[in-house]
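Peer 1: Sending over start11.pdb (PDB, C-alpha atoms).
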```
ATOM      1  CA  MET A   4     -13.377 -18.171  30.463  1.00  0.00           C
ATOM      2  CA  THR A   5     -13.968 -14.675  31.800  1.00  0.00           C
ATOM      3  CA  THR A   6     -14.649 -11.814  29.423  1.00  0.00           C
ATOM      4  CA  VAL A   7     -13.566  -8.262  30.048  1.00  0.00           C
ATOM      5  CA  PRO A   8     -15.723  -5.459  28.609  1.00  0.00           C
ATOM      6  CA  GLY A   9     -14.009  -3.791  25.650  1.00  0.00           C
ATOM      7  CA  VAL A  10     -11.442  -6.596  25.253  1.00  0.00           C
ATOM      8  CA  PRO A  11     -12.124  -9.161  22.535  1.00  0.00           C
ATOM      9  CA  PRO A  12     -12.066 -12.775  23.728  1.00  0.00           C
ATOM     10  CA  GLU A  13      -9.094 -14.946  22.811  1.00  0.00           C
ATOM     11  CA  PRO A  14      -9.771 -16.889  19.622  1.00  0.00           C
ATOM     12  CA  PRO A  15     -10.139 -20.622  20.116  1.00  0.00           C
ATOM     13  CA  ALA A  16      -6.953 -22.630  19.626  1.00  0.00           C
ATOM     14  CA  LEU A  17      -6.743 -24.556  16.371  1.00  0.00           C
ATOM     15  CA  ARG A  18      -6.687 -28.312  16.502  1.00  0.00           C
ATOM     16  CA  GLU A  19      -3.569 -29.901  15.014  1.00  0.00           C
ATOM     17  CA  GLU A  20      -5.448 -31.182  11.943  1.00  0.00           C
ATOM     18  CA  GLU A  21      -6.720 -27.648  11.212  1.00  0.00           C
ATOM     19  CA  LEU A  22      -3.282 -25.994  11.137  1.00  0.00           C
ATOM     20  CA  LEU A  23      -2.699 -26.772   7.463  1.00  0.00           C
ATOM     21  CA  ARG A  24      -6.053 -25.513   6.218  1.00  0.00           C
ATOM     22  CA  LEU A  25      -5.606 -22.854   3.553  1.00  0.00           C
ATOM     23  CA  ASP A  26      -8.050 -20.484   5.230  1.00  0.00           C
ATOM     24  CA  HIS A  27      -5.931 -20.569   8.413  1.00  0.00           C
ATOM     25  CA  GLN A  28      -2.746 -19.431   6.657  1.00  0.00           C
ATOM     26  CA  VAL A  29      -1.849 -15.786   7.319  1.00  0.00           C
ATOM     27  CA  CYS A  30       0.523 -15.927   4.348  1.00  0.00           C
ATOM     28  CA  PHE A  31      -2.360 -16.802   2.042  1.00  0.00           C
ATOM     29  CA  SER A  32      -4.511 -13.961   3.371  1.00  0.00           C
ATOM     30  CA  LEU A  33      -1.611 -11.572   2.708  1.00  0.00           C
ATOM     31  CA  HIS A  34      -1.077 -13.084  -0.747  1.00  0.00           C
ATOM     32  CA  ALA A  35      -4.757 -12.685  -1.679  1.00  0.00           C
ATOM     33  CA  ALA A  36      -4.785  -9.103  -0.371  1.00  0.00           C
ATOM     34  CA  SER A  37      -1.590  -8.353  -2.308  1.00  0.00           C
ATOM     35  CA  ARG A  38      -3.156  -9.650  -5.525  1.00  0.00           C
ATOM     36  CA  ALA A  39      -6.247  -7.516  -4.894  1.00  0.00           C
ATOM     37  CA  PHE A  40      -4.042  -4.466  -4.323  1.00  0.00           C
ATOM     38  CA  GLY A  41      -2.149  -5.275  -7.519  1.00  0.00           C
ATOM     39  CA  GLY A  42      -5.390  -5.345  -9.506  1.00  0.00           C
ATOM     40  CA  PHE A  43      -6.475  -2.029  -8.023  1.00  0.00           C
ATOM     41  CA  TYR A  44      -3.134  -0.356  -8.746  1.00  0.00           C
ATOM     42  CA  ARG A  45      -2.932  -1.754 -12.288  1.00  0.00           C
ATOM     43  CA  GLN A  46      -6.166   0.077 -13.091  1.00  0.00           C
ATOM     44  CA  ALA A  47      -5.464   3.204 -11.012  1.00  0.00           C
ATOM     45  CA  LEU A  48      -1.970   3.733 -12.436  1.00  0.00           C
ATOM     46  CA  LYS A  49      -2.775   2.981 -16.072  1.00  0.00           C
ATOM     47  CA  ASP A  50      -3.413   6.640 -16.950  1.00  0.00           C
ATOM     48  CA  LEU A  51      -0.143   7.623 -15.259  1.00  0.00           C
ATOM     49  CA  GLY A  52       1.787   5.091 -17.336  1.00  0.00           C
ATOM     50  CA  LEU A  53       3.278   3.510 -14.203  1.00  0.00           C
ATOM     51  CA  THR A  54       3.466   0.005 -12.842  1.00  0.00           C
ATOM     52  CA  TYR A  55       2.996  -0.486  -9.113  1.00  0.00           C
ATOM     53  CA  SER A  56       6.756  -0.898  -8.578  1.00  0.00           C
ATOM     54  CA  GLN A  57       7.488   2.245 -10.573  1.00  0.00           C
ATOM     55  CA  TYR A  58       4.848   4.090  -8.514  1.00  0.00           C
ATOM     56  CA  LEU A  59       6.658   3.071  -5.315  1.00  0.00           C
ATOM     57  CA  VAL A  60       9.953   4.459  -6.652  1.00  0.00           C
ATOM     58  CA  MET A  61       8.199   7.674  -7.632  1.00  0.00           C
ATOM     59  CA  LEU A  62       6.690   7.951  -4.138  1.00  0.00           C
ATOM     60  CA  VAL A  63      10.179   7.743  -2.628  1.00  0.00           C
ATOM     61  CA  LEU A  64      11.536  10.377  -5.021  1.00  0.00           C
ATOM     62  CA  TRP A  65       8.551  12.709  -4.540  1.00  0.00           C
ATOM     63  CA  GLU A  66       8.923  12.396  -0.779  1.00  0.00           C
ATOM     64  CA  ASP A  67      12.716  12.483  -0.368  1.00  0.00           C
ATOM     65  CA  GLY A  68      14.119  14.015  -3.545  1.00  0.00           C
ATOM     66  CA  PRO A  69      17.181  12.565  -5.314  1.00  0.00           C
ATOM     67  CA  GLN A  70      18.261   9.280  -3.743  1.00  0.00           C
ATOM     68  CA  PRO A  71      21.044   6.756  -4.251  1.00  0.00           C
ATOM     69  CA  VAL A  72      19.862   3.502  -5.814  1.00  0.00           C
ATOM     70  CA  LYS A  73      20.964   1.666  -2.660  1.00  0.00           C
ATOM     71  CA  VAL A  74      18.731   3.830  -0.442  1.00  0.00           C
ATOM     72  CA  ILE A  75      15.727   3.370  -2.737  1.00  0.00           C
ATOM     73  CA  GLY A  76      16.281  -0.385  -2.659  1.00  0.00           C
ATOM     74  CA  GLU A  77      16.485  -0.430   1.138  1.00  0.00           C
ATOM     75  CA  ARG A  78      13.396   1.728   1.483  1.00  0.00           C
ATOM     76  CA  LEU A  79      11.353  -0.471  -0.876  1.00  0.00           C
ATOM     77  CA  HIS A  80      12.853  -3.805   0.218  1.00  0.00           C
ATOM     78  CA  LEU A  81      14.024  -4.439  -3.360  1.00  0.00           C
ATOM     79  CA  ASP A  82      17.357  -5.859  -4.482  1.00  0.00           C
ATOM     80  CA  SER A  83      19.407  -4.179  -7.197  1.00  0.00           C
ATOM     81  CA  GLY A  84      18.545  -6.918  -9.714  1.00  0.00           C
ATOM     82  CA  THR A  85      14.882  -5.951  -9.426  1.00  0.00           C
ATOM     83  CA  LEU A  86      15.428  -2.230  -9.030  1.00  0.00           C
ATOM     84  CA  SER A  87      17.914  -1.546 -11.862  1.00  0.00           C
ATOM     85  CA  PRO A  88      15.631  -2.500 -14.782  1.00  0.00           C
ATOM     86  CA  LEU A  89      12.786  -0.630 -13.127  1.00  0.00           C
ATOM     87  CA  LEU A  90      14.891   2.530 -12.891  1.00  0.00           C
ATOM     88  CA  LYS A  91      15.996   2.134 -16.512  1.00  0.00           C
ATOM     89  CA  ARG A  92      12.336   2.023 -17.584  1.00  0.00           C
ATOM     90  CA  LEU A  93      11.589   5.182 -15.583  1.00  0.00           C
ATOM     91  CA  GLU A  94      14.541   6.854 -17.287  1.00  0.00           C
ATOM     92  CA  THR A  95      13.385   5.692 -20.741  1.00  0.00           C
ATOM     93  CA  ALA A  96       9.921   7.094 -19.958  1.00  0.00           C
ATOM     94  CA  GLY A  97      11.529  10.456 -19.175  1.00  0.00           C
ATOM     95  CA  LEU A  98      10.451  10.460 -15.520  1.00  0.00           C
ATOM     96  CA  ALA A  99      13.829   9.998 -13.835  1.00  0.00           C
ATOM     97  CA  ARG A 100      17.509  10.208 -14.629  1.00  0.00           C
ATOM     98  CA  ARG A 101      20.489   8.371 -13.230  1.00  0.00           C
ATOM     99  CA  GLU A 102      23.640  10.264 -12.301  1.00  0.00           C
ATOM    100  CA  ARG A 103      26.905   9.162 -10.709  1.00  0.00           C
ATOM    101  CA  SER A 104      27.335  10.598  -7.238  1.00  0.00           C
ATOM    102  CA  ARG A 105      29.914  13.364  -7.004  1.00  0.00           C
ATOM    103  CA  GLU A 106      30.902  12.148  -3.522  1.00  0.00           C
ATOM    104  CA  ASP A 107      31.191   8.456  -4.445  1.00  0.00           C
ATOM    105  CA  GLU A 108      31.582   7.437  -8.101  1.00  0.00           C
ATOM    106  CA  ARG A 109      30.426   3.898  -7.257  1.00  0.00           C
ATOM    107  CA  SER A 110      27.028   5.247  -6.225  1.00  0.00           C
ATOM    108  CA  VAL A 111      24.277   6.160  -8.683  1.00  0.00           C
ATOM    109  CA  VAL A 112      21.754   8.789  -7.622  1.00  0.00           C
ATOM    110  CA  ILE A 113      18.247   8.873  -9.093  1.00  0.00           C
ATOM    111  CA  HIS A 114      16.764  12.298  -9.832  1.00  0.00           C
ATOM    112  CA  LEU A 115      13.270  13.199 -10.978  1.00  0.00           C
ATOM    113  CA  THR A 116      12.989  14.940 -14.304  1.00  0.00           C
ATOM    114  CA  GLU A 117      10.603  17.867 -14.624  1.00  0.00           C
ATOM    115  CA  GLU A 118       8.076  15.481 -16.162  1.00  0.00           C
ATOM    116  CA  GLY A 119       8.534  13.068 -13.237  1.00  0.00           C
ATOM    117  CA  ALA A 120       8.022  15.852 -10.719  1.00  0.00           C
ATOM    118  CA  ASP A 121       4.908  17.059 -12.570  1.00  0.00           C
ATOM    119  CA  LEU A 122       3.437  13.544 -12.513  1.00  0.00           C
ATOM    120  CA  ARG A 123       3.018  13.872  -8.744  1.00  0.00           C
ATOM    121  CA  GLU A 124       0.036  16.183  -9.218  1.00  0.00           C
ATOM    122  CA  ARG A 125      -1.723  13.630 -11.443  1.00  0.00           C
ATOM    123  CA  ALA A 126      -1.009  10.871  -8.894  1.00  0.00           C
ATOM    124  CA  LEU A 127      -2.666  12.690  -5.977  1.00  0.00           C
ATOM    125  CA  PRO A 128      -6.090  10.996  -6.435  1.00  0.00           C
ATOM    126  CA  VAL A 129      -4.630   7.468  -6.279  1.00  0.00           C
ATOM    127  CA  PRO A 130      -4.277   7.139  -2.465  1.00  0.00           C
ATOM    128  CA  ARG A 131      -7.792   8.503  -1.878  1.00  0.00           C
ATOM    129  CA  ALA A 132      -9.237   6.104  -4.443  1.00  0.00           C
ATOM    130  CA  LEU A 133      -7.463   3.203  -2.750  1.00  0.00           C
ATOM    131  CA  PHE A 134      -8.684   4.282   0.676  1.00  0.00           C
ATOM    132  CA  ALA A 135     -12.256   4.435  -0.638  1.00  0.00           C
ATOM    133  CA  ALA A 136     -11.897   1.038  -2.323  1.00  0.00           C
ATOM    134  CA  THR A 137     -10.835  -0.667   0.921  1.00  0.00           C
ATOM    135  CA  GLY A 138     -14.062   0.118   2.721  1.00  0.00           C
ATOM    136  CA  LEU A 139     -12.012   0.488   5.913  1.00  0.00           C
ATOM    137  CA  SER A 140     -12.055   3.398   8.319  1.00  0.00           C
ATOM    138  CA  MET A 141      -8.924   5.517   8.747  1.00  0.00           C
ATOM    139  CA  GLU A 142      -8.410   3.925  12.178  1.00  0.00           C
ATOM    140  CA  GLU A 143      -8.612   0.432  10.653  1.00  0.00           C
ATOM    141  CA  VAL A 144      -6.133   1.346   7.906  1.00  0.00           C
ATOM    142  CA  LEU A 145      -3.667   2.799  10.422  1.00  0.00           C
ATOM    143  CA  ALA A 146      -4.039  -0.254  12.696  1.00  0.00           C
ATOM    144  CA  LEU A 147      -3.497  -2.570   9.724  1.00  0.00           C
ATOM    145  CA  GLN A 148      -0.362  -0.665   8.688  1.00  0.00           C
ATOM    146  CA  ASP A 149       0.956  -0.882  12.244  1.00  0.00           C
ATOM    147  CA  THR A 150       0.252  -4.617  12.454  1.00  0.00           C
ATOM    148  CA  LEU A 151       1.864  -5.294   9.075  1.00  0.00           C
ATOM    149  CA  GLY A 152       4.905  -3.215  10.023  1.00  0.00           C
ATOM    150  CA  ARG A 153       5.366  -5.218  13.221  1.00  0.00           C
ATOM    151  CA  LEU A 154       4.826  -8.489  11.334  1.00  0.00           C
ATOM    152  CA  THR A 155       7.428  -7.548   8.709  1.00  0.00           C
ATOM    153  CA  ALA A 156       9.952  -6.489  11.368  1.00  0.00           C
ATOM    154  CA  ALA A 157       9.444  -9.709  13.312  1.00  0.00           C
ATOM    155  CA  LEU A 158       9.834 -11.914  10.244  1.00  0.00           C
ATOM    156  CA  ASP A 159      12.886  -9.963   9.036  1.00  0.00           C
ATOM    157  CA  ALA A 160      14.473 -10.259  12.476  1.00  0.00           C
ATOM    158  CA  GLY A 161      13.907 -14.020  12.462  1.00  0.00           C
ATOM    159  CA  ARG A 162      15.919 -14.616   9.284  1.00  0.00           C
TER     160      ARG A 162
END
```
Spit out the file's structure as structure tokens when you get a sec.
Peer 2:
Amino acid sequence: MTTVPGVPPEPPALREEELLRLDHQVCFSLHAASRAFGGFYRQALKDLGLTYSQYLVMLVLWEDGPQPVKVIGERLHLDSGTLSPLLKRLETAGLARRERSREDERSVVIHLTEEGADLRERALPVPRALFAATGLSMEEVLALQDTLGRLTAALDAGR
């Protein structure tokens, strides 16, 4: 095997009997990382009174303004059965309000309340704290996001 400077060598192929080892499962690595992220966000979002899923909805609304429920669901890869109770809790907390679309009565648009918009300022430290907690460089984080985006697109396309 020839090595090229600056190019990592190909990893050795796994033997058939090694394929089902837990530590060789990409899905398990993603699951463990997801659980670790969940633990981080549970702590980081406690003072904001948000769950991780609620935080994601707030990110969409802070970034894009009022959005139809359908668009929020598509953006977050959440179905309406998961999203609807989450939006109701945000409304009960006084952070968002639901309103029928004027253009299409079948569509419900989610708006931030003043309190929801103000929460953005208090949430600003969360991404920096997460970045620091990862121990990764900015380049590594961006490469990881790119890889995960391509992985998600490939798996979605294969359904």
Peer 1: Would you list the contacts of stretch 20-33 of chain A as a list in words, taking every protein, DNA or RNA residue within 12 Å and counting all atoms listed in the file, but skipping same-chain residues closer than 5 positions in sequence?
Peer 2: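 Contacts, with the query itself left out: Pro15, Arg38, Ala39, Phe40, Leu147, Leu151, Leu154, Thr155 and Leu158 of chain A.
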Peer 1: With only C-alpha atoms as the counted atoms, please give the residues lying no more than 12 Å from stretch 73-88 of chain A, apart from itself and same-chain residues fewer than 5 positions off, as an MDAnalysis selection string.
Peer 2: chainID A and resid 55:68 93:95 101 104 109:114 155:156 159
Peer 1: So what do you get for atom CA of A:Thr116 versus atom CA of A:Ala99, distance-wise?
Peer 2: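 Between atom CA of A:Thr116 and atom CA of A:Ala99 the gap works out to 5.0 Å.
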Peer 1: Would you place a box with edges along x, y and z of the file around all atoms of stretch 130-142 of chain A listed there, add 6 Å to each of its six sides, and report the centre and edge lengths in Å to one decimal, as lines of an AutoDock Vina configuration file?
Peer 2:
```
center_x = -9.2
center_y = 3.9
center_z = 3.9
size_x = 21.8
size_y = 21.2
size_z = 28.6
```
Peer 1: Missing atoms in stretch 12-31 of chain A should be modelled up to N, CA, C and O atoms and reported as an mmCIF file, in the frame of the given file.
Peer 2:
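selection25.cif, written as the output of this step:
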```cif
data_model
loop_
_atom_site.group_PDB
_atom_site.id
_atom_site.type_symbol
_atom_site.label_atom_id
_atom_site.label_comp_id
_atom_site.auth_asym_id
_atom_site.auth_seq_id
_atom_site.Cartn_x
_atom_site.Cartn_y
_atom_site.Cartn_z
ATOM 1 N N PRO A 12 -12.491 -11.488 23.157
ATOM 2 C CA PRO A 12 -12.066 -12.775 23.728
ATOM 3 C C PRO A 12 -10.960 -13.395 22.892
ATOM 4 O O PRO A 12 -10.827 -13.109 21.701
ATOM 5 N N GLU A 13 -10.150 -14.215 23.522
ATOM 6 C CA GLU A 13 -9.094 -14.946 22.811
ATOM 7 C C GLU A 13 -9.746 -15.879 21.800
ATOM 8 O O GLU A 13 -10.747 -16.531 22.109
ATOM 9 N N PRO A 14 -9.196 -15.945 20.589
ATOM 10 C CA PRO A 14 -9.771 -16.889 19.622
ATOM 11 C C PRO A 14 -9.493 -18.316 20.085
ATOM 12 O O PRO A 14 -8.509 -18.568 20.785
ATOM 13 N N PRO A 15 -10.378 -19.233 19.711
ATOM 14 C CA PRO A 15 -10.139 -20.622 20.116
ATOM 15 C C PRO A 15 -8.873 -21.163 19.467
ATOM 16 O O PRO A 15 -8.527 -20.777 18.353
ATOM 17 N N ALA A 16 -8.171 -22.006 20.165
ATOM 18 C CA ALA A 16 -6.953 -22.630 19.626
ATOM 19 C C ALA A 16 -7.345 -23.565 18.492
ATOM 20 O O ALA A 16 -8.404 -24.194 18.531
ATOM 21 N N LEU A 17 -6.485 -23.650 17.487
ATOM 22 C CA LEU A 17 -6.743 -24.556 16.371
ATOM 23 C C LEU A 17 -6.291 -25.960 16.738
ATOM 24 O O LEU A 17 -5.242 -26.148 17.353
ATOM 25 N N ARG A 18 -7.099 -26.912 16.320
ATOM 26 C CA ARG A 18 -6.687 -28.312 16.502
ATOM 27 C C ARG A 18 -5.573 -28.606 15.495
ATOM 28 O O ARG A 18 -5.502 -27.991 14.440
ATOM 29 N N GLU A 19 -4.722 -29.535 15.848
ATOM 30 C CA GLU A 19 -3.569 -29.901 15.014
ATOM 31 C C GLU A 19 -3.961 -30.129 13.551
ATOM 32 O O GLU A 19 -3.300 -29.649 12.639
ATOM 33 N N GLU A 20 -5.041 -30.861 13.316
ATOM 34 C CA GLU A 20 -5.448 -31.182 11.943
ATOM 35 C C GLU A 20 -5.962 -29.960 11.176
ATOM 36 O O GLU A 20 -6.065 -29.982 9.959
ATOM 37 N N GLU A 21 -6.247 -28.858 11.872
ATOM 38 C CA GLU A 21 -6.720 -27.648 11.212
ATOM 39 C C GLU A 21 -5.586 -26.690 10.833
ATOM 40 O O GLU A 21 -5.792 -25.750 10.071
ATOM 41 N N LEU A 22 -4.392 -26.921 11.349
ATOM 42 C CA LEU A 22 -3.282 -25.994 11.137
ATOM 43 C C LEU A 22 -2.917 -25.809 9.667
ATOM 44 O O LEU A 22 -2.462 -24.743 9.277
ATOM 45 N N LEU A 23 -3.097 -26.854 8.866
ATOM 46 C CA LEU A 23 -2.699 -26.772 7.463
ATOM 47 C C LEU A 23 -3.861 -26.432 6.528
ATOM 48 O O LEU A 23 -3.727 -26.557 5.315
ATOM 49 N N ARG A 24 -4.944 -25.969 7.068
ATOM 50 C CA ARG A 24 -6.053 -25.513 6.218
ATOM 51 C C ARG A 24 -5.656 -24.179 5.572
ATOM 52 O O ARG A 24 -5.101 -23.302 6.225
ATOM 53 N N LEU A 25 -5.965 -24.056 4.291
ATOM 54 C CA LEU A 25 -5.606 -22.854 3.553
ATOM 55 C C LEU A 25 -6.183 -21.605 4.202
ATOM 56 O O LEU A 25 -5.498 -20.583 4.324
ATOM 57 N N ASP A 26 -7.428 -21.674 4.657
ATOM 58 C CA ASP A 26 -8.050 -20.484 5.230
ATOM 59 C C ASP A 26 -7.510 -20.117 6.605
ATOM 60 O O ASP A 26 -7.876 -19.091 7.164
ATOM 61 N N HIS A 27 -6.582 -20.898 7.144
ATOM 62 C CA HIS A 27 -5.931 -20.569 8.413
ATOM 63 C C HIS A 27 -4.498 -20.058 8.208
ATOM 64 O O HIS A 27 -3.781 -19.829 9.181
ATOM 65 N N GLN A 28 -4.108 -19.869 6.966
ATOM 66 C CA GLN A 28 -2.746 -19.431 6.657
ATOM 67 C C GLN A 28 -2.707 -17.907 6.514
ATOM 68 O O GLN A 28 -3.315 -17.345 5.602
ATOM 69 N N VAL A 29 -2.005 -17.242 7.407
ATOM 70 C CA VAL A 29 -1.849 -15.786 7.319
ATOM 71 C C VAL A 29 -1.168 -15.429 6.004
ATOM 72 O O VAL A 29 -1.542 -14.445 5.345
ATOM 73 N N CYS A 30 -0.193 -16.222 5.588
ATOM 74 C CA CYS A 30 0.523 -15.927 4.348
ATOM 75 C C CYS A 30 -0.428 -15.908 3.155
ATOM 76 O O CYS A 30 -0.289 -15.075 2.256
ATOM 77 N N PHE A 31 -1.421 -16.788 3.155
ATOM 78 C CA PHE A 31 -2.360 -16.802 2.042
ATOM 79 C C PHE A 31 -3.271 -15.572 2.082
ATOM 80 O O PHE A 31 -3.572 -14.984 1.042
#
```
